[in-house]
$ cat my_file-v8.cif   # mmCIF, C-alpha atoms
data_start
loop_
_atom_site.label_atom_id
_atom_site.label_comp_id
_atom_site.auth_asym_id
_atom_site.auth_seq_id
_atom_site.Cartn_x
_atom_site.Cartn_y
_atom_site.Cartn_z
CA GLY A 1157 -95.24 -88.89 -122.85
CA LEU A 1158 -94.53 -91.48 -120.21
CA MET A 1159 -91.14 -91.49 -118.46
CA SER A 1160 -89.48 -94.44 -116.77
CA ARG A 1161 -88.91 -94.32 -113.03
CA SER A 1162 -85.12 -94.47 -113.41
CA GLY A 1163 -85.19 -91.73 -116.05
CA LYS A 1164 -87.18 -89.47 -113.76
CA LYS A 1165 -84.64 -89.99 -110.96
CA GLU A 1166 -81.82 -89.01 -113.28
CA LEU A 1167 -83.75 -85.92 -114.41
CA ASP A 1168 -84.49 -84.91 -110.80
CA ALA A 1169 -80.79 -85.19 -109.94
CA LEU A 1170 -79.83 -83.11 -112.96
CA SER A 1171 -82.44 -80.43 -112.17
CA LYS A 1172 -80.85 -79.84 -108.79
CA ARG A 1173 -77.75 -78.63 -110.61
CA GLN A 1174 -79.57 -76.70 -113.34
CA ASN A 1175 -82.12 -73.86 -113.53
CA PHE A 1176 -85.14 -76.09 -114.23
CA GLU A 1177 -87.22 -78.63 -112.34
CA CYS A 1178 -89.40 -81.58 -113.12
CA LYS A 1179 -93.12 -81.39 -112.33
CA GLY A 1180 -94.80 -84.67 -113.17
CA SER A 1181 -93.91 -85.34 -116.77
CA ARG A 1182 -93.18 -81.66 -117.55
CA ILE A 1183 -89.87 -79.80 -117.42
CA VAL A 1184 -90.32 -76.19 -116.28
CA PRO A 1185 -87.91 -73.33 -115.28
CA LYS A 1186 -87.20 -72.93 -111.64
CA THR A 1187 -88.82 -70.04 -109.80
CA MET A 1188 -86.12 -67.46 -108.96
CA GLU A 1189 -86.63 -65.81 -105.61
CA VAL A 1190 -84.80 -62.50 -105.01
CA LYS A 1191 -84.55 -61.94 -101.29
CA GLU A 1192 -83.88 -58.65 -99.57
CA ILE A 1193 -80.14 -59.08 -100.12
CA CYS A 1194 -78.65 -61.58 -102.56
CA ARG A 1195 -75.36 -61.91 -104.44
CA ILE A 1196 -75.12 -62.84 -108.09
CA LYS A 1197 -71.57 -63.13 -109.45
CA GLY A 1198 -70.19 -60.66 -106.91
CA MET A 1199 -72.86 -58.00 -107.42
CA GLU A 1200 -74.87 -57.01 -104.38
CA PHE A 1201 -78.43 -55.71 -104.62
CA LYS A 1202 -79.77 -53.87 -101.57
CA ALA A 1203 -83.35 -53.12 -100.61
CA LEU A 1204 -84.36 -49.49 -101.10
CA THR A 1205 -86.60 -47.82 -98.58
CA THR A 1206 -87.53 -44.97 -100.90
CA THR A 1207 -87.39 -44.05 -104.56
CA THR A 1208 -85.69 -40.68 -103.96
CA ASN A 1209 -82.09 -39.89 -104.86
CA ASP A 1210 -81.13 -38.66 -101.41
CA GLU A 1211 -78.18 -40.81 -100.27
CA THR A 1212 -79.22 -40.55 -96.62
CA THR A 1213 -82.52 -42.32 -97.25
CA TYR A 1214 -81.45 -45.60 -98.78
CA TYR A 1215 -79.15 -48.44 -97.88
CA GLN A 1216 -76.12 -47.77 -100.05
CA ALA A 1217 -72.51 -46.90 -99.35
CA ALA A 1218 -70.92 -43.52 -100.08
CA ALA A 1219 -70.35 -42.62 -103.74
CA GLU A 1220 -66.59 -43.36 -103.50
CA LEU A 1221 -67.37 -47.02 -102.76
CA GLN A 1222 -69.35 -47.35 -105.97
CA ASP A 1223 -71.97 -49.95 -104.93
CA ILE A 1224 -73.58 -51.05 -108.22
CA TYR A 1225 -72.72 -47.85 -110.08
CA GLY A 1226 -70.14 -47.62 -112.83
CA PRO A 1227 -66.46 -47.47 -111.77
CA VAL A 1228 -65.99 -43.81 -112.78
CA ILE A 1229 -66.85 -40.53 -111.02
CA PHE A 1230 -67.47 -37.93 -113.71
CA ASN A 1231 -65.92 -34.66 -112.59
CA GLN A 1232 -68.20 -31.68 -113.25
CA LEU A 1233 -65.51 -29.17 -112.25
CA SER A 1234 -62.76 -27.83 -114.49
CA ASP A 1235 -59.30 -28.71 -113.16
CA ARG A 1236 -57.52 -27.04 -116.08
CA THR A 1237 -54.72 -24.68 -115.11
CA ILE A 1238 -52.57 -22.91 -117.73
CA LEU A 1239 -50.44 -20.22 -116.08
CA LEU A 1240 -49.17 -22.39 -113.22
CA GLY A 1241 -47.96 -24.99 -115.70
CA VAL A 1242 -46.13 -22.64 -118.10
CA LEU A 1243 -44.54 -20.18 -115.66
CA PRO A 1244 -40.82 -21.00 -115.30
CA LYS A 1245 -39.80 -22.53 -111.95
CA GLU A 1246 -36.55 -21.70 -110.14
CA ASN A 1247 -35.04 -23.85 -107.42
CA PHE A 1248 -34.68 -22.10 -104.05
CA SER A 1249 -34.67 -25.29 -101.98
CA ASP A 1250 -31.36 -24.32 -100.35
CA ARG A 1251 -32.56 -20.84 -99.34
CA ALA A 1252 -34.68 -19.56 -96.49
CA GLN A 1253 -36.21 -16.97 -98.84
CA ILE A 1254 -36.30 -15.98 -102.48
CA GLN A 1255 -33.27 -13.69 -102.66
CA PHE A 1256 -31.62 -11.66 -105.45
CA LEU A 1257 -29.92 -8.31 -106.09
CA MET A 1258 -31.24 -5.41 -108.15
CA LYS A 1259 -29.54 -2.36 -109.64
CA THR A 1260 -32.01 0.51 -109.36
CA VAL A 1261 -30.09 3.74 -110.04
CA ARG A 1262 -27.45 4.33 -112.72
CA SER A 1263 -24.08 5.91 -111.93
CA THR A 1264 -23.57 9.52 -113.10
CA SER A 1265 -19.83 9.18 -113.67
CA ALA A 1266 -20.16 8.49 -117.40
CA THR A 1267 -19.49 11.86 -119.10
CA GLY A 1268 -17.27 13.65 -121.57
CA TYR A 1269 -14.04 15.24 -120.39
CA LEU A 1270 -11.26 17.60 -121.55
CA GLN A 1271 -7.71 16.51 -122.20
CA THR A 1272 -6.55 19.08 -119.66
CA ALA A 1273 -8.94 17.92 -116.98
CA SER A 1274 -7.23 17.50 -113.65
CA THR A 1275 -10.11 16.16 -111.61
CA PHE A 1276 -11.77 12.75 -112.05
CA THR A 1277 -14.91 12.50 -109.90
CA GLU A 1278 -16.40 9.05 -109.51
CA GLY A 1279 -20.11 8.41 -109.48
CA GLN A 1280 -22.13 5.78 -107.69
CA ASP A 1281 -24.95 3.51 -108.75
CA THR A 1282 -27.49 1.97 -106.39
CA LYS A 1283 -27.94 -1.73 -105.77
CA ILE A 1284 -30.38 -3.25 -103.29
CA LYS A 1285 -31.02 -6.65 -101.75
CA ILE A 1286 -34.40 -8.26 -102.40
CA GLU A 1287 -36.02 -10.90 -100.19
CA GLN A 1288 -39.40 -12.54 -100.67
CA ASP A 1289 -40.85 -15.01 -98.16
CA PHE A 1290 -42.30 -18.28 -99.36
CA ALA A 1291 -46.05 -18.85 -99.33
CA MET A 1292 -47.33 -22.08 -97.79
CA TYR A 1293 -50.27 -23.84 -99.47
CA HIS A 1294 -51.76 -27.26 -98.87
CA SER A 1295 -54.76 -29.50 -99.51
CA ILE A 1296 -55.96 -31.87 -96.78
CA ILE A 1297 -57.34 -35.40 -97.23
CA LYS A 1298 -58.77 -37.88 -94.74
CA ALA A 1299 -60.33 -41.33 -95.02
CA SER A 1300 -61.75 -43.63 -92.37
CA GLY A 1301 -60.40 -47.12 -91.89
CA LYS A 1302 -63.80 -48.54 -92.78
CA MET A 1303 -63.86 -46.70 -96.11
CA LEU A 1304 -60.33 -47.84 -96.92
CA SER A 1305 -61.21 -51.46 -96.17
CA GLU A 1306 -64.56 -51.38 -97.99
CA SER A 1307 -62.87 -50.04 -101.11
CA GLU A 1308 -61.10 -53.38 -101.38
CA GLY A 1309 -64.34 -55.40 -101.38
CA ALA A 1310 -66.91 -56.32 -104.01
CA GLY A 1311 -68.58 -52.93 -103.73
CA GLY A 1312 -65.34 -51.00 -104.00
CA THR A 1313 -64.27 -51.55 -107.61
CA MET A 1314 -63.31 -47.86 -107.95
CA GLY A 1315 -59.80 -48.96 -107.02
CA ASN A 1316 -57.51 -47.30 -104.54
CA VAL A 1317 -59.66 -44.76 -102.65
CA TRP A 1318 -56.61 -43.20 -101.00
CA GLY A 1319 -54.92 -42.79 -104.36
CA ASN A 1320 -58.01 -41.11 -105.78
CA LEU A 1321 -58.13 -38.72 -102.82
CA VAL A 1322 -54.48 -37.79 -103.43
CA LYS A 1323 -55.15 -37.21 -107.12
CA ASP A 1324 -58.17 -34.99 -106.45
CA ALA A 1325 -56.39 -33.03 -103.72
CA THR A 1326 -53.45 -32.37 -106.05
CA ALA A 1327 -55.77 -30.96 -108.72
CA GLU A 1328 -57.55 -28.79 -106.13
CA LEU A 1329 -54.23 -27.42 -104.84
CA GLN A 1330 -53.10 -26.51 -108.35
CA LYS A 1331 -56.42 -24.83 -109.04
CA LYS A 1332 -56.21 -22.76 -105.85
CA ILE A 1333 -52.67 -21.55 -106.58
CA ASN A 1334 -53.48 -20.73 -110.21
CA THR A 1335 -56.63 -18.80 -109.26
CA ASP A 1336 -54.91 -16.84 -106.49
CA MET A 1337 -52.10 -15.79 -108.82
CA LEU A 1338 -54.55 -14.44 -111.40
CA THR A 1339 -57.37 -13.00 -109.31
CA GLY A 1340 -55.85 -12.34 -105.87
CA ALA A 1341 -56.53 -8.68 -105.06
CA ALA A 1342 -53.64 -6.21 -104.96
CA GLY A 1343 -52.86 -5.25 -101.37
CA THR A 1344 -54.08 -8.61 -100.04
CA TYR A 1345 -52.06 -10.99 -102.17
CA ASN A 1346 -48.90 -8.92 -101.80
CA GLY A 1347 -46.51 -11.67 -100.73
CA SER A 1348 -46.18 -10.43 -97.13
CA SER A 1349 -48.09 -13.31 -95.52
CA GLU A 1350 -47.34 -17.03 -95.62
CA ASP A 1351 -50.95 -17.94 -96.39
CA ALA A 1352 -51.34 -15.61 -99.40
CA LEU A 1353 -48.98 -15.71 -102.36
CA LEU A 1354 -47.81 -12.71 -104.37
CA GLY A 1355 -50.49 -12.23 -107.03
CA LEU A 1356 -50.11 -10.75 -110.50
CA GLN A 1357 -52.43 -7.86 -109.71
CA HIS A 1358 -50.17 -6.67 -106.90
CA LEU A 1359 -46.98 -7.39 -108.84
CA CYS A 1360 -48.18 -5.18 -111.71
CA ALA A 1361 -49.37 -2.36 -109.44
CA SER A 1362 -47.30 0.79 -109.00
CA THR A 1363 -48.25 1.67 -105.43
CA GLY A 1364 -47.88 0.08 -102.00
CA THR A 1365 -44.95 -2.13 -101.09
CA LEU A 1366 -43.24 -4.98 -102.92
CA TYR A 1367 -40.66 -7.28 -101.34
CA GLY A 1368 -41.12 -5.19 -98.18
CA LYS A 1369 -39.97 -1.95 -99.86
CA ALA A 1370 -42.06 1.14 -100.62
CA ARG A 1371 -42.45 1.51 -104.36
CA ALA A 1372 -42.78 5.27 -104.03
CA SER A 1373 -39.12 5.28 -102.95
CA VAL A 1374 -37.84 2.39 -105.09
CA THR A 1375 -39.51 3.12 -108.43
CA ALA A 1376 -37.77 0.14 -110.07
CA LEU A 1377 -40.25 -2.06 -108.16
CA GLN A 1378 -43.26 -0.44 -109.80
CA GLY A 1379 -45.16 -2.58 -112.25
CA GLN A 1380 -47.38 -1.24 -115.02
CA THR A 1381 -51.16 -1.18 -114.89
CA GLU A 1382 -53.93 0.55 -116.80
CA ALA A 1383 -57.67 0.82 -116.19
CA MET A 1384 -59.58 0.23 -119.43
CA SER A 1385 -62.92 1.70 -118.24
CA SER A 1386 -65.05 -0.88 -120.12
CA ALA A 1387 -63.28 -0.23 -123.43
CA GLU A 1388 -63.31 -2.97 -126.03
CA LEU A 1389 -60.15 -4.99 -126.54
CA SER A 1390 -58.16 -3.56 -129.44
CA LEU A 1391 -54.97 -4.33 -131.31
CA LYS A 1392 -53.84 -0.77 -130.60
CA GLN A 1393 -54.04 -1.39 -126.85
CA LEU A 1394 -52.16 -4.66 -127.07
CA ARG A 1395 -49.41 -2.97 -129.10
CA LYS A 1396 -49.24 -0.18 -126.53
CA ALA A 1397 -48.61 -2.70 -123.76
CA ILE A 1398 -45.84 -4.37 -125.77
CA ARG A 1399 -44.21 -1.02 -126.55
CA LEU A 1400 -44.21 0.17 -122.93
CA VAL A 1401 -42.70 -3.09 -121.74
CA VAL A 1402 -40.08 -3.52 -124.48
CA SER A 1403 -38.98 0.13 -124.64
CA GLY A 1404 -39.19 0.74 -120.92
CA SER A 1405 -36.34 0.89 -118.43
CA ALA A 1406 -36.32 -2.87 -117.93
CA ASP A 1407 -35.96 -3.68 -121.68
CA ALA A 1408 -37.99 -6.90 -122.01
CA LYS A 1409 -37.35 -9.26 -124.94
CA ILE A 1410 -40.21 -10.07 -127.30
CA GLY A 1411 -39.43 -13.77 -127.14
CA ASP A 1412 -40.01 -13.80 -123.36
CA LEU A 1413 -43.40 -12.05 -123.45
CA PHE A 1414 -46.79 -13.75 -123.14
CA PHE A 1415 -50.31 -12.36 -123.11
CA VAL A 1416 -52.50 -14.12 -120.54
CA MET A 1417 -56.22 -13.47 -121.03
CA PRO A 1418 -59.59 -15.07 -120.26
CA TYR A 1419 -61.43 -16.95 -122.98
CA LEU A 1420 -63.89 -14.08 -123.39
CA GLN A 1421 -61.14 -11.63 -124.35
CA LYS A 1422 -59.55 -14.29 -126.55
CA ASP A 1423 -62.84 -14.52 -128.48
CA LYS A 1424 -62.87 -10.73 -128.84
CA PHE A 1425 -59.33 -10.89 -130.24
CA LEU A 1426 -60.41 -13.54 -132.76
CA GLN A 1427 -63.40 -11.40 -133.72
CA ILE A 1428 -61.03 -8.54 -134.55
CA LEU A 1429 -59.02 -10.86 -136.78
CA GLN A 1430 -62.21 -12.24 -138.36
CA SER A 1431 -63.47 -8.77 -139.24
CA GLN A 1432 -60.19 -8.04 -141.01
CA ASN A 1433 -60.22 -11.28 -142.97
CA VAL A 1434 -61.95 -10.08 -146.14
CA GLN A 1435 -60.26 -12.48 -148.55
CA PRO A 1436 -62.85 -14.37 -150.64
CA THR A 1437 -62.71 -18.11 -150.19
CA LEU A 1438 -64.42 -21.20 -151.57
CA SER A 1439 -63.78 -23.23 -148.41
CA SER A 1440 -66.67 -24.13 -146.12
CA ARG A 1441 -64.37 -23.88 -143.11
CA ALA A 1442 -64.30 -20.72 -141.02
CA GLY A 1443 -62.44 -19.46 -137.98
CA PHE A 1444 -58.86 -19.98 -136.83
CA VAL A 1445 -56.74 -22.92 -135.71
CA GLY A 1446 -53.37 -23.21 -134.01
CA ALA A 1447 -51.63 -21.23 -131.27
CA LEU A 1448 -52.57 -17.57 -130.97
CA GLU A 1449 -49.90 -14.90 -131.43
CA PHE A 1450 -49.83 -11.13 -131.86
CA ASP A 1451 -46.77 -9.19 -133.03
CA GLY A 1452 -44.56 -12.09 -132.00
CA VAL A 1453 -46.14 -12.44 -128.54
CA THR A 1454 -47.88 -15.72 -127.70
CA ILE A 1455 -51.43 -15.49 -126.34
CA LEU A 1456 -52.41 -17.93 -123.58
CA PRO A 1457 -56.16 -18.34 -122.90
CA GLU A 1458 -56.60 -18.85 -119.15
CA PRO A 1459 -59.88 -20.19 -117.66
CA ASP A 1460 -59.16 -18.82 -114.17
CA ALA A 1461 -58.49 -15.19 -115.19
CA ASP A 1462 -61.08 -12.49 -114.47
CA THR A 1463 -63.13 -11.91 -117.61
CA ASP A 1464 -62.12 -8.22 -117.90
CA ASP A 1465 -58.36 -8.68 -117.37
CA VAL A 1466 -55.44 -9.04 -119.77
CA PHE A 1467 -51.85 -9.51 -118.55
CA LEU A 1468 -48.63 -9.08 -120.49
CA LEU A 1469 -45.95 -11.02 -118.60
CA ASP A 1470 -42.20 -11.40 -119.01
CA PHE A 1471 -41.49 -15.10 -118.46
CA GLY A 1472 -37.76 -14.43 -118.68
CA ASN A 1473 -37.87 -12.54 -115.37
CA THR A 1474 -41.22 -13.48 -113.79
CA LYS A 1475 -41.10 -16.95 -112.27
CA ILE A 1476 -42.13 -19.20 -109.41
CA GLY A 1477 -39.48 -19.79 -106.76
CA MET A 1478 -39.77 -23.30 -105.29
CA LYS A 1479 -38.66 -24.13 -101.76
CA VAL A 1480 -40.62 -27.39 -101.41
CA ALA A 1481 -42.22 -28.98 -104.46
CA PRO A 1482 -45.70 -30.48 -103.86
CA ARG A 1483 -45.37 -33.54 -101.65
CA LEU A 1484 -47.67 -35.88 -99.74
CA GLU A 1485 -47.11 -35.83 -96.00
CA GLU A 1486 -49.01 -37.86 -93.39
CA VAL A 1487 -50.28 -35.85 -90.43
CA SER A 1488 -51.66 -36.99 -87.09
CA ALA A 1489 -55.26 -38.11 -87.24
CA GLY A 1490 -55.54 -38.11 -83.45
CA ASP A 1491 -57.85 -40.70 -81.90
CA TYR A 1492 -59.23 -41.73 -85.27
CA ASP A 1493 -59.43 -45.01 -87.16
CA GLY A 1494 -58.12 -44.01 -90.57
CA ARG A 1495 -55.54 -41.94 -92.45
CA LYS A 1496 -55.04 -38.19 -92.69
CA ALA A 1497 -52.52 -36.32 -94.81
CA HIS A 1498 -51.95 -33.14 -96.74
CA ILE A 1499 -50.25 -32.24 -100.00
CA LYS A 1500 -48.09 -29.21 -99.23
CA THR A 1501 -45.82 -26.87 -101.14
CA TYR A 1502 -43.67 -23.84 -100.24
CA PHE A 1503 -43.20 -21.38 -103.11
CA ASN A 1504 -43.94 -17.87 -104.30
CA LEU A 1505 -44.23 -15.75 -107.40
CA PHE A 1506 -41.46 -13.22 -107.97
CA SER A 1507 -40.11 -10.98 -110.72
CA THR A 1508 -36.57 -9.65 -111.05
CA LYS A 1509 -37.94 -6.91 -113.34
CA PRO A 1510 -41.45 -5.91 -112.21
CA LYS A 1511 -41.69 -3.15 -114.86
CA ASN A 1512 -41.73 -5.87 -117.53
CA ASN A 1513 -45.26 -6.87 -116.49
CA TYR A 1514 -48.39 -5.01 -117.61
CA TRP A 1515 -51.94 -5.45 -116.27
CA MET A 1516 -54.90 -4.11 -118.22
CA SER A 1517 -58.11 -4.32 -116.17
CA GLY A 1518 -61.72 -3.39 -116.81
CA PHE A 1519 -62.14 -4.38 -120.47
CA SER A 1520 -65.69 -4.68 -121.74
CA THR A 1521 -67.26 -8.06 -121.08
CA ALA A 1522 -70.39 -7.47 -123.15
#

$ encode --input "my_file-v8.cif" --output "structure tokens"
Amino acid sequence: GLMSRSGKKELDALSKRQNFECKGSRIVPKTMEVKEICRIKGMEFKALTTTTNDETTYYQAAAELQDIYGPVIFNQLSDRTILLGVLPKENFSDRAQIQFLMKTVRSTSATGYLQTASTFTEGQDTKIKIEQDFAMYHSIIKASGKMLSESEGAGGTMGNVWGNLVKDATAELQKKINTDMLTGAAGTYNGSSEDALLGLQHLCASTGTLYGKARASVTALQGQTEAMSSAELSLKQLRKAIRLVVSGSADAKIGDLFFVMPYLQKDKFLQILQSQNVQPTLSSRAGFVGALEFDGVTILPEPDADTDDVFLLDFGNTKIGMKVAPRLEEVSAGDYDGRKAHIKTYFNLFSTKPKNNYWMSGFSTA
């Protein structure tokens, strides 16, 4: 229809503020033009030069700065650590080393005697001093000033980039320590070097040195180990390990013992239980729930353990001595615009009764 001149002026003025325009007597949507870079409600679209996924070939910031992606980085790596979390910790912050005393040889003076005996000969036991150096582990982080500043802008809605780096570095440090304790080779991870902690495989061995002393001479420092030669996990073998630890010279307590095994050996243990469960049932549910236990000993599935290993550990005497708990410490970045730091810790594994620990290696993994 026809429109008055004053009405058209009012409509033209309104269209300047709205997403439509007046063409003659018709009202039509405005044409939206997306230029090479435009901002719509804080979101920035950038021109791509290629359709590939290679970050070096298109105009976008690093993944930590998020761009137009979702505000979460989905971690594809397992950060789960079991042993490091459950092992008891003992405070050695006021010591230069982990230090304790051990009695290794019993006195021979205890004996029967006659009423008319005229000679009383004393005996002598043997006590030794034990010292274990601390291991030094850290995880290093670094971020440029530009990255730190960009994380605060519209494209940086991931939050505090520095805080995320600290969180990731902490998880990586825990993973490294946990893995080294479980899989560090005997002879290498023997506690004699600051950059390699005392691993369980060396602690449970019966040869070499421990705490700087030859185990051939000080037999009280010998752990217990057994090669399984690809045998299947069995309840008989697990009972054997418990018996040798509980009835041995170091007299472990059942309540302090824990089996630590990989998930594969845990499944084999469950299969043994399943094969013995012959009770008829009308339930459609199968399998087992709850914490695993065998003959009063808790079983801890550990993702970082070698798939053919099973450890029996005495948590009453096997612990982590802490000199410096994990802490964030800034370090010099040199001539660099940004921040650099590391999360460091001084600690080591130790056992006041090495014989209370048993390592079974070489189980079947088929």

$ resolve_selection --input "my_file-v8.cif" --expression "the PyMOL selection byres ((chain A and resi 1293) around 6)" --output "list of chain:residue names"
A:Met1292, A:His1294, A:Lys1500, A:Thr1501

$ closest_residue --input "my_file-v8.cif" --among "A:Thr1339, A:Phe1450, A:Gly1443, A:Ser1295" --to "Asp1324 in chain A" --atoms "all atoms listed in the file"
A:Ser1295

$ atom_distance --input "my_file-v8.cif" --atom1 "CA of Ala1325 in chain A" --atom2 "CA of Leu1233 in chain A"
13.1 Å

$ resolve_selection --input "my_file-v8.cif" --expression "the PyMOL selection byres ((chain A and resi 1286) around 9)" --output "mmCIF file with C-alpha atoms, keeping the file's coordinate frame"
data_model
loop_
_atom_site.group_PDB
_atom_site.id
_atom_site.type_symbol
_atom_site.label_atom_id
_atom_site.label_comp_id
_atom_site.auth_asym_id
_atom_site.auth_seq_id
_atom_site.Cartn_x
_atom_site.Cartn_y
_atom_site.Cartn_z
ATOM 1 C CA ILE A 1254 -36.300 -15.980 -102.480
ATOM 2 C CA GLN A 1255 -33.270 -13.690 -102.660
ATOM 3 C CA PHE A 1256 -31.620 -11.660 -105.450
ATOM 4 C CA LEU A 1257 -29.920 -8.310 -106.090
ATOM 5 C CA MET A 1258 -31.240 -5.410 -108.150
ATOM 6 C CA ILE A 1284 -30.380 -3.250 -103.290
ATOM 7 C CA LYS A 1285 -31.020 -6.650 -101.750
ATOM 8 C CA GLU A 1287 -36.020 -10.900 -100.190
ATOM 9 C CA GLN A 1288 -39.400 -12.540 -100.670
ATOM 10 C CA TYR A 1367 -40.660 -7.280 -101.340
ATOM 11 C CA GLY A 1368 -41.120 -5.190 -98.180
ATOM 12 C CA LYS A 1369 -39.970 -1.950 -99.860
#

$ residues_around --input "my_file-v8.cif" --residues "range 1482-1496 of chain A" --least-positions-apart "6" --cutoff "12 Å" --atoms "all atoms listed in the file" --output "list of chain:residue names"
A:Met1292, A:Tyr1293, A:His1294, A:Ser1295, A:Ile1296, A:Ile1297, A:Lys1298, A:Ala1299, A:Ser1300, A:Gly1301, A:Lys1302, A:Met1303, A:Leu1304, A:Ser1305, A:Val1317, A:Trp1318, A:Gly1319, A:Leu1321, A:Val1322, A:Lys1323, A:Ala1325, A:Thr1326, A:Ala1327, A:Leu1329, A:Gln1330, A:Ile1333, A:Tyr1502, A:Phe1503

$ closest_residue --input "my_file-v8.cif" --among "A:Ala1361, A:Leu1391, A:Ala1461, A:Val1401" --to "Tyr1419 in chain A" --atoms "all atoms listed in the file"
A:Ala1461

$ residues_near_point --input "my_file-v8.cif" --point "(-50.5, 1.3, -111.1)" --cutoff "10 Å" --atoms "all atoms listed in the file" --output "number ranges by chain"
A: 1357-1364, 1378-1383, 1514-1516

$ write_last_selection --input "my_file-v8.cif" --atoms "C-alpha atoms" --output "tab-separated table (two decimals), keeping the file's coordinate frame"
chain	number	residue	atom	x	y	z
A	1357	GLN	CA	-52.43	-7.86	-109.71
A	1358	HIS	CA	-50.17	-6.67	-106.90
A	1359	LEU	CA	-46.98	-7.39	-108.84
A	1360	CYS	CA	-48.18	-5.18	-111.71
A	1361	ALA	CA	-49.37	-2.36	-109.44
A	1362	SER	CA	-47.30	0.79	-109.00
A	1363	THR	CA	-48.25	1.67	-105.43
A	1364	GLY	CA	-47.88	0.08	-102.00
A	1378	GLN	CA	-43.26	-0.44	-109.80
A	1379	GLY	CA	-45.16	-2.58	-112.25
A	1380	GLN	CA	-47.38	-1.24	-115.02
A	1381	THR	CA	-51.16	-1.18	-114.89
A	1382	GLU	CA	-53.93	0.55	-116.80
A	1383	ALA	CA	-57.67	0.82	-116.19
A	1514	TYR	CA	-48.39	-5.01	-117.61
A	1515	TRP	CA	-51.94	-5.45	-116.27
A	1516	MET	CA	-54.90	-4.11	-118.22

$ atom_distance --input "my_file-v8.cif" --atom1 "CA of Ser1386 in chain A" --atom2 "CA of Thr1463 in chain A"
11.5 Å

$ build_atoms --input "my_file-v8.cif" --residues "range 1339-1343 of chain A" --atoms "all heavy atoms" --output "compact mmCIF listing (two decimals), in the frame of the given file"
# COMPACT_ATOMS: atom_id res chain seq x y z
N THR A 1339 -56.26 -13.83 -109.79
CA THR A 1339 -57.37 -13.00 -109.31
C THR A 1339 -57.18 -12.46 -107.90
O THR A 1339 -58.02 -11.70 -107.43
CB THR A 1339 -58.68 -13.80 -109.35
OG1 THR A 1339 -58.61 -14.90 -108.42
CG2 THR A 1339 -58.95 -14.36 -110.74
N GLY A 1340 -56.10 -12.85 -107.22
CA GLY A 1340 -55.85 -12.34 -105.87
C GLY A 1340 -55.71 -10.82 -105.88
O GLY A 1340 -54.94 -10.25 -106.65
N ALA A 1341 -56.46 -10.14 -105.04
CA ALA A 1341 -56.53 -8.68 -105.06
C ALA A 1341 -55.21 -8.06 -104.63
O ALA A 1341 -54.54 -8.52 -103.70
CB ALA A 1341 -57.65 -8.19 -104.14
N ALA A 1342 -54.83 -6.98 -105.34
CA ALA A 1342 -53.64 -6.21 -104.96
C ALA A 1342 -53.84 -5.68 -103.55
O ALA A 1342 -54.92 -5.24 -103.18
CB ALA A 1342 -53.42 -5.07 -105.95
N GLY A 1343 -52.77 -5.70 -102.76
CA GLY A 1343 -52.86 -5.25 -101.37
C GLY A 1343 -53.11 -6.39 -100.42
O GLY A 1343 -52.65 -6.37 -99.28
